[in-house]
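target-v3.tsv, holding TSV, C-alpha atoms:
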chain	number	residue	atom	x	y	z
A	1	MET	CA	-19.41	-14.94	10.39
A	2	PRO	CA	-17.36	-11.75	9.94
A	3	HIS	CA	-18.13	-9.93	6.71
A	4	MET	CA	-15.48	-7.72	5.05
A	5	LEU	CA	-16.49	-5.24	2.39
A	6	ILE	CA	-13.53	-4.21	0.22
A	7	LEU	CA	-13.96	-1.21	-2.04
A	8	GLY	CA	-11.38	-1.51	-4.80
A	9	LEU	CA	-9.75	-4.85	-5.58
A	10	GLY	CA	-6.27	-3.92	-6.72
A	11	TYR	CA	-3.10	-5.90	-6.14
A	12	THR	CA	-2.98	-5.58	-2.34
A	13	ALA	CA	-6.72	-5.70	-1.66
A	14	ALA	CA	-7.17	-8.80	-3.82
A	15	ARG	CA	-4.42	-10.50	-1.82
A	16	LEU	CA	-6.23	-9.54	1.39
A	17	GLU	CA	-9.50	-10.86	0.00
A	18	ALA	CA	-7.95	-14.27	-0.74
A	19	CYS	CA	-6.40	-14.45	2.72
A	20	LEU	CA	-9.65	-13.60	4.51
A	21	ARG	CA	-11.65	-16.09	2.45
A	22	GLY	CA	-9.09	-18.72	3.41
A	23	GLU	CA	-9.75	-17.91	7.06
A	24	GLY	CA	-13.51	-18.40	6.64
A	25	TRP	CA	-14.59	-14.79	6.19
A	26	ARG	CA	-17.40	-13.66	3.98
A	27	VAL	CA	-15.94	-11.05	1.61
A	28	THR	CA	-17.79	-8.69	-0.70
A	29	GLY	CA	-15.70	-6.86	-3.27
A	30	VAL	CA	-16.52	-3.68	-5.17
A	31	ARG	CA	-14.89	-2.60	-8.40
A	32	ARG	CA	-15.84	-0.82	-11.62
A	33	SER	CA	-17.58	-3.84	-13.18
A	34	ALA	CA	-19.58	-6.58	-11.50
A	35	ASP	CA	-18.70	-10.26	-11.41
A	36	ALA	CA	-19.98	-13.38	-9.63
A	37	ASP	CA	-18.93	-12.23	-6.14
A	38	ILE	CA	-18.17	-8.60	-6.94
A	39	LEU	CA	-20.45	-5.56	-6.98
A	40	ALA	CA	-20.17	-2.77	-9.51
A	41	PHE	CA	-19.15	0.55	-7.99
A	42	ASP	CA	-22.04	2.32	-9.71
A	43	ASP	CA	-24.65	-0.13	-8.38
A	44	ALA	CA	-25.48	2.26	-5.57
A	45	SER	CA	-28.30	0.26	-3.97
A	46	ALA	CA	-26.22	-2.93	-3.77
A	47	VAL	CA	-23.14	-1.11	-2.48
A	48	ARG	CA	-25.14	0.75	0.18
A	49	ALA	CA	-26.73	-2.52	1.26
A	50	ALA	CA	-23.28	-4.07	1.61
A	51	ILE	CA	-22.06	-1.07	3.61
A	52	ALA	CA	-25.05	-1.48	5.94
A	53	SER	CA	-24.44	-5.20	6.48
A	54	ALA	CA	-20.64	-5.53	6.63
A	55	THR	CA	-18.91	-5.98	9.98
A	56	HIS	CA	-15.63	-4.68	8.53
A	57	ILE	CA	-15.06	-2.18	5.68
A	58	LEU	CA	-11.85	-1.32	3.81
A	59	SER	CA	-11.26	1.06	0.92
A	60	SER	CA	-8.21	0.73	-1.30
A	61	VAL	CA	-9.44	3.17	-3.95
A	62	PRO	CA	-7.00	6.03	-4.68
A	63	PRO	CA	-8.15	9.56	-5.45
A	64	GLU	CA	-9.27	10.41	-8.97
A	65	GLY	CA	-8.19	13.91	-9.82
A	66	ASP	CA	-8.74	15.98	-6.69
A	67	ALA	CA	-11.47	13.81	-5.17
A	68	ASP	CA	-11.86	10.45	-3.47
A	69	PRO	CA	-14.60	8.69	-5.49
A	70	VAL	CA	-15.64	6.43	-2.60
A	71	LEU	CA	-16.14	9.32	-0.19
A	72	ALA	CA	-17.82	11.43	-2.86
A	73	ARG	CA	-20.45	8.78	-3.54
A	74	TYR	CA	-20.71	6.73	-0.37
A	75	GLY	CA	-19.20	8.88	2.38
A	76	ALA	CA	-22.46	9.47	4.24
A	77	ALA	CA	-23.36	5.77	4.16
A	78	LEU	CA	-19.90	4.81	5.38
A	79	ALA	CA	-20.04	7.34	8.22
A	80	ALA	CA	-23.34	5.88	9.40
A	81	ALA	CA	-22.47	2.21	8.86
A	82	PRO	CA	-22.75	-0.18	11.85
A	83	ALA	CA	-19.39	-1.80	11.04
A	84	LEU	CA	-17.08	-2.71	13.91
A	85	TRP	CA	-13.89	-1.81	12.01
A	86	THR	CA	-13.05	0.41	9.07
A	87	GLY	CA	-9.83	0.97	7.18
A	88	TYR	CA	-8.25	2.87	4.31
A	89	LEU	CA	-5.15	1.98	2.30
A	90	SER	CA	-3.23	5.24	1.97
A	91	SER	CA	0.33	5.97	0.87
A	92	THR	CA	3.56	7.12	2.49
A	93	GLY	CA	3.66	9.58	-0.41
A	94	VAL	CA	1.59	11.88	1.82
A	95	TYR	CA	4.81	12.69	3.72
A	96	GLY	CA	6.47	14.19	0.66
A	97	ASP	CA	10.22	14.67	0.50
A	98	ALA	CA	12.03	14.32	3.83
A	99	ALA	CA	15.56	14.69	2.40
A	100	GLY	CA	16.35	11.15	3.51
A	101	ALA	CA	15.15	11.58	7.10
A	102	TRP	CA	12.89	9.18	8.94
A	103	VAL	CA	9.16	9.87	8.92
A	104	ASP	CA	6.60	8.39	11.29
A	105	GLU	CA	2.85	8.72	11.75
A	106	ALA	CA	3.28	12.11	13.48
A	107	SER	CA	5.31	13.64	10.63
A	108	PRO	CA	3.81	16.49	8.58
A	109	VAL	CA	1.84	15.51	5.49
A	110	GLY	CA	0.55	17.22	2.39
A	111	GLN	CA	3.78	18.90	1.28
A	112	GLY	CA	4.69	16.46	-1.52
A	113	ARG	CA	3.47	15.73	-5.02
A	114	ARG	CA	0.48	13.71	-3.79
A	115	THR	CA	-1.69	16.48	-2.38
A	116	ALA	CA	-4.92	14.74	-3.44
A	117	ARG	CA	-3.83	11.59	-1.63
A	118	ALA	CA	-3.00	13.60	1.49
A	119	ALA	CA	-6.43	15.26	1.36
A	120	ALA	CA	-8.15	11.88	0.98
A	121	ASP	CA	-6.09	10.47	3.84
A	122	ALA	CA	-7.24	13.32	6.06
A	123	ASP	CA	-10.87	12.98	4.98
A	124	TRP	CA	-10.89	9.26	5.78
A	125	GLY	CA	-9.30	10.01	9.13
A	126	VAL	CA	-12.20	12.19	10.27
A	127	LEU	CA	-14.95	10.04	8.75
A	128	ARG	CA	-15.27	7.65	11.70
A	129	ALA	CA	-13.82	7.14	15.16
A	130	ASP	CA	-12.86	3.52	14.37
A	131	MET	CA	-10.87	4.35	11.22
A	132	ARG	CA	-7.47	2.75	10.58
A	133	ARG	CA	-5.33	4.41	7.93
A	134	PHE	CA	-2.52	2.27	6.56
A	135	ARG	CA	0.20	4.33	4.90
A	136	LEU	CA	1.98	2.08	2.43
A	137	PRO	CA	5.36	2.53	0.74
A	138	GLY	CA	6.45	0.87	-2.51
A	139	ILE	CA	4.52	-2.41	-2.70
A	140	TYR	CA	6.06	-5.51	-4.24
A	141	GLY	CA	5.32	-9.21	-4.30
A	142	PRO	CA	4.71	-12.13	-6.67
A	143	GLY	CA	4.32	-10.89	-10.23
A	144	ARG	CA	5.13	-7.31	-9.23
A	145	SER	CA	8.72	-6.92	-8.11
A	146	ALA	CA	12.18	-5.93	-9.27
A	147	LEU	CA	12.56	-9.49	-10.55
A	148	ASP	CA	9.79	-8.87	-13.08
A	149	ARG	CA	11.28	-5.55	-14.19
A	150	VAL	CA	14.69	-7.16	-14.66
A	151	ARG	CA	13.21	-10.07	-16.63
A	152	THR	CA	11.37	-7.71	-18.99
A	153	GLY	CA	14.31	-5.34	-19.44
A	154	LYS	CA	12.48	-2.46	-17.72
A	155	ALA	CA	14.81	-2.15	-14.72
A	156	HIS	CA	17.00	0.93	-14.34
A	157	ARG	CA	19.90	1.88	-12.14
A	158	ILE	CA	19.84	5.64	-11.65
A	159	ALA	CA	22.88	7.65	-10.60
A	160	LEU	CA	21.36	9.56	-7.71
A	161	ALA	CA	23.55	9.55	-4.63
A	162	GLY	CA	21.90	9.30	-1.23
A	163	GLN	CA	18.42	8.49	-2.53
A	164	LEU	CA	16.53	6.18	-0.13
A	165	PHE	CA	13.11	4.56	-0.31
A	166	SER	CA	11.01	2.26	1.82
A	167	ARG	CA	9.04	-0.70	0.55
A	168	ALA	CA	6.93	-3.60	1.83
A	169	HIS	CA	6.06	-7.08	0.62
A	170	VAL	CA	2.34	-7.34	-0.15
A	171	ASP	CA	1.90	-10.23	2.29
A	172	ASP	CA	3.35	-8.13	5.12
A	173	ILE	CA	0.81	-5.42	4.34
A	174	VAL	CA	-2.01	-7.97	4.41
A	175	ALA	CA	-0.71	-9.28	7.73
A	176	GLY	CA	-0.64	-5.75	9.15
A	177	VAL	CA	-4.21	-5.05	8.13
A	178	ILE	CA	-5.41	-8.33	9.63
A	179	ALA	CA	-3.40	-7.68	12.82
A	180	SER	CA	-5.25	-4.38	13.25
A	181	ILE	CA	-8.57	-6.24	13.23
A	182	HIS	CA	-7.52	-8.19	16.32
A	183	ALA	CA	-5.35	-5.66	18.19
A	184	GLY	CA	-4.45	-2.01	18.47
A	185	PRO	CA	-6.47	1.20	18.51
A	186	PRO	CA	-7.77	3.13	15.51
A	187	GLY	CA	-5.34	5.56	13.94
A	188	ILE	CA	-2.49	5.66	11.45
A	189	TYR	CA	-0.05	2.83	10.80
A	190	ASN	CA	2.96	2.81	8.52
A	191	LEU	CA	3.41	-0.70	7.13
A	192	ALA	CA	6.96	-0.72	5.78
A	193	ASP	CA	9.87	-3.11	6.03
A	194	ASP	CA	12.90	-2.58	8.26
A	195	LEU	CA	15.45	-1.48	5.65
A	196	PRO	CA	14.96	1.69	3.61
A	197	CYS	CA	17.56	1.64	0.85
A	198	ALA	CA	18.46	2.82	-2.62
A	199	GLN	CA	16.39	1.40	-5.46
A	200	ASN	CA	19.67	0.44	-7.14
A	201	ASP	CA	20.37	-2.01	-4.32
A	202	VAL	CA	17.08	-3.79	-5.02
A	203	ILE	CA	17.68	-3.95	-8.77
A	204	GLU	CA	21.18	-5.30	-8.26
A	205	ALA	CA	19.92	-7.97	-5.85
A	206	ALA	CA	17.24	-9.01	-8.34
A	207	CYS	CA	19.82	-9.31	-11.10
A	208	ASP	CA	22.05	-11.42	-8.86
A	209	LEU	CA	19.17	-13.76	-8.02
A	210	LEU	CA	18.40	-14.22	-11.71
A	211	GLY	CA	22.05	-14.53	-12.75
A	212	LEU	CA	21.76	-11.52	-15.04
A	213	PRO	CA	24.06	-8.50	-15.46
A	214	TRP	CA	23.22	-5.23	-13.73
A	215	PRO	CA	21.69	-2.54	-15.95
A	216	PRO	CA	24.07	0.32	-16.74
A	217	LEU	CA	24.16	3.23	-14.31
A	218	GLN	CA	22.32	6.14	-15.93
A	219	THR	CA	21.16	9.65	-15.24
A	220	MET	CA	17.42	10.18	-15.11
A	221	GLU	CA	17.64	12.08	-18.38
A	222	ALA	CA	19.44	9.23	-20.15
A	223	ALA	CA	17.00	6.68	-18.73
A	224	ALA	CA	14.06	8.62	-20.23
A	225	LEU	CA	11.89	7.88	-17.22
A	226	SER	CA	8.15	8.50	-17.25
A	227	PRO	CA	6.81	11.52	-15.33
A	228	MET	CA	5.51	9.14	-12.65
A	229	ALA	CA	8.92	7.49	-12.27
A	230	ARG	CA	10.65	10.86	-12.16
A	231	GLY	CA	8.28	11.90	-9.38
A	232	PHE	CA	9.21	8.76	-7.48
A	233	TYR	CA	12.87	9.74	-7.55
A	234	ALA	CA	12.06	13.35	-6.61
A	235	GLU	CA	11.29	12.28	-3.04
A	236	ASN	CA	13.68	10.81	-0.49
A	237	ARG	CA	12.57	9.42	2.86
A	238	ARG	CA	12.81	6.51	5.28
A	239	VAL	CA	9.56	5.21	6.75
A	240	ALA	CA	9.47	4.11	10.40
A	241	ASN	CA	7.26	1.13	11.27
A	242	GLY	CA	7.58	1.12	15.07
A	243	ARG	CA	3.98	2.08	15.82
A	244	ALA	CA	2.56	-0.94	13.99
A	245	LYS	CA	5.04	-3.18	15.77
A	246	ARG	CA	4.20	-1.79	19.20
A	247	LEU	CA	0.43	-1.54	18.94
A	248	LEU	CA	-0.52	-4.29	16.51
A	249	GLY	CA	2.03	-6.90	17.49
A	250	TRP	CA	3.02	-6.94	13.81
A	251	ALA	CA	6.45	-7.53	12.37
A	252	PRO	CA	7.33	-7.98	8.69
A	253	ARG	CA	7.91	-11.56	7.63
A	254	TYR	CA	10.21	-10.06	5.00
A	255	PRO	CA	12.17	-7.44	6.97
A	256	THR	CA	14.30	-6.46	3.95
A	257	TYR	CA	14.11	-6.69	0.19
A	258	ARG	CA	16.54	-9.61	0.29
A	259	GLU	CA	14.10	-11.99	1.98
A	260	GLY	CA	11.19	-10.57	0.00
A	261	LEU	CA	12.81	-11.02	-3.40
A	262	ALA	CA	13.97	-14.52	-2.53
A	263	ALA	CA	10.35	-15.41	-1.65
A	264	CYS	CA	9.10	-13.93	-4.93
A	265	LEU	CA	11.65	-15.98	-6.84

Translate the structure described by the file into structure tokens.
Amino acid sequence: MPHMLILGLGYTAARLEACLRGEGWRVTGVRRSADADILAFDDASAVRAAIASATHILSSVPPEGDADPVLARYGAALAAAPALWTGYLSSTGVYGDAAGAWVDEASPVGQGRRTARAAADADWGVLRADMRRFRLPGIYGPGRSALDRVRTGKAHRIALAGQLFSRAHVDDIVAGVIASIHAGPPGIYNLADDLPCAQNDVIEAACDLLGLPWPPLQTMEAAALSPMARGFYAENRRVANGRAKRLLGWAPRYPTYREGLAACL
């Protein structure tokens, strides 16, 4: 029986865990606190034992400060593990601002606001020869989409001409990770949908689906966005997904936000 070890059980990784269990996999999760089927991150002997026994290993843990906590504590064990497949959930934020241009897996990294993420991405890339790095754009899905922000009154439309973003439905990301287990070489894969667009388009579509009025168009100053949200709008890029399509045989089930939001609804 294949055995997946997942370090970090956030929104996407937990969705992957459920999918793999449904396909008959044994899955061991690691997070800050232990549970029935979950190891505590600080339980070093148990985590190292899982690293030594897993056939597949994935980390979804983001950097903390300037360091990757998984590599800092378990990097040597991971490098020596007998696993057949290893992966890391990274971010398309490593590409920084591209002024609206397309970026692919060969584009420069480390020039944006997420320098720690870019450093972690690079460190995972040299850890093992079988490493797959999945660079993910804005992730949405059930319980975490523009529909939820509109319902709670937290959605904004920002007056920022020409601003484009890429996104992906969580189930398409899960499908891409699983596809890489069965096909394709190690390396970097962007898992994004087919239609980069303005965030305003997504908010407006969500409002239309819910039969609610669009939020007023505002400047960033008037919207009083958080520093994290302001950083999001400070970068402008379109993420190409052709490598994952060619090498993994993957294609998004939700190629645009329209199909994805309809599924969430």

Sorted per-residue table, region 166-207 of chain A near region 95-112 of chain A, closest atoms and distance, 8 Å, all atoms listed in the file, as a Markdown table:
| residue | atom | partner | partner_atom | distance |
| --- | --- | --- | --- | --- |
| A:Ile188 | CA | A:Glu105 | CA | 6.2 |
| A:Tyr189 | CA | A:Glu105 | CA | 6.6 |
| A:Asn190 | CA | A:Glu105 | CA | 6.7 |

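With all atoms listed in the file as the atoms that count, the minimum distance from Glu64 (chain A) to the choices A:Ala262, A:Leu147, A:Ala205, A:Ala120 is reached by A:Ala120.
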
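Between CA of Gly260 (chain A) and CA of Glu23 (chain A) lies a distance of 23.3 Å.
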
| Atom pair CA of Leu71 (chain A) / CA of Ala192 (chain A): separation (Å) | 25.9 Å

| request: Would you mind listing what lies within 10 Å of Ala77 (chain A) as a PyMOL selection string, with all atoms listed in the file counted and same-chain residues fewer than 2 positions away left out? | output: chain A and resi 47-49+51-52+71+73-75+79-82

| message | As an exercise, work out the distance from CA of Arg253 (chain A) to CA of Leu191 (chain A) in Å and give it to one decimal place. | response | 11.8 Å

| request: Mind checking which residues fall within 8 Å of Thr28 (chain A), counting only C-alpha atoms, ignoring those fewer than 4 positions away in the same chain, and posting them as an MDAnalysis selection string? | output: chainID A and resid 3:6 37:39 50

| query | For Trp85 (chain A), which residue among A:Asp130, A:Asp172, A:Glu221, A:Asp43 is the nearest when counting all atoms listed in the file? | reply |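 Under the stated criterion, the closest residue is A:Asp130.
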
| said: Show me the residues around (-6.8, 15.0, -10.8) - criterion: an atom at most 12 Å away, all atoms listed in the file counted - as an MDAnalysis selection string. | reply: chainID A and resid 62:69 113:117

| query | Using only C-alpha atoms, which of A:His182, A:Leu84, A:Cys197, A:Glu17 sits nearest Ser53 (chain A)? | reply | A:Leu84

| field | Exercise: Gly138 (chain A) partners within 7 Å, all atoms listed in the file, chain neighbours under 2 positions left out, as number ranges by chain | value | A: 136, 140, 166-168

| task | For Gln163 (chain A), list every protein, DNA or RNA residue within 7 Å, evaluated using all atoms listed in the file, and leave out those in the same chain fewer than 3 positions away; present the list as an NGL selection string. | result | :A and (100 or 160 or 198 or 236)

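Shortest atom-to-atom contact with Ser33 (chain A) among A:Ile181, A:Pro255, A:Pro2, A:Gly8: A:Gly8, counting only C-alpha atoms.
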
| note | Closest of A:Arg135, A:His56, A:Arg157, A:Arg144 to Leu217 (chain A), counting only C-alpha atoms, is A:Arg157

| task | Measuring atom to atom with all atoms listed in the file, identify which of A:Asp121, A:Pro142, A:Ala83, A:Gly184 is nearest to Arg243 (chain A). | result | A:Gly184

| Polymer residues at most 12 Å from Ala18 (chain A), all atoms listed in the file, same-chain spacing of 6 or more positions, as number ranges by chain | A: 4, 6, 9, 11-12, 24-29, 171, 174

Please write the residues from the selection above to a file, keeping C-alpha atoms, as a PDB file, in the coordinates of the input.
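Result went into out22.pdb, see below:
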ATOM      1  CA  MET A   4     -15.480  -7.720   5.050  1.00  0.00           C
ATOM      2  CA  ILE A   6     -13.530  -4.210   0.220  1.00  0.00           C
ATOM      3  CA  LEU A   9      -9.750  -4.850  -5.580  1.00  0.00           C
ATOM      4  CA  TYR A  11      -3.100  -5.900  -6.140  1.00  0.00           C
ATOM      5  CA  THR A  12      -2.980  -5.580  -2.340  1.00  0.00           C
ATOM      6  CA  GLY A  24     -13.510 -18.400   6.640  1.00  0.00           C
ATOM      7  CA  TRP A  25     -14.590 -14.790   6.190  1.00  0.00           C
ATOM      8  CA  ARG A  26     -17.400 -13.660   3.980  1.00  0.00           C
ATOM      9  CA  VAL A  27     -15.940 -11.050   1.610  1.00  0.00           C
ATOM     10  CA  THR A  28     -17.790  -8.690  -0.700  1.00  0.00           C
ATOM     11  CA  GLY A  29     -15.700  -6.860  -3.270  1.00  0.00           C
ATOM     12  CA  ASP A 171       1.900 -10.230   2.290  1.00  0.00           C
ATOM     13  CA  VAL A 174      -2.010  -7.970   4.410  1.00  0.00           C
TER      14      VAL A 174
END
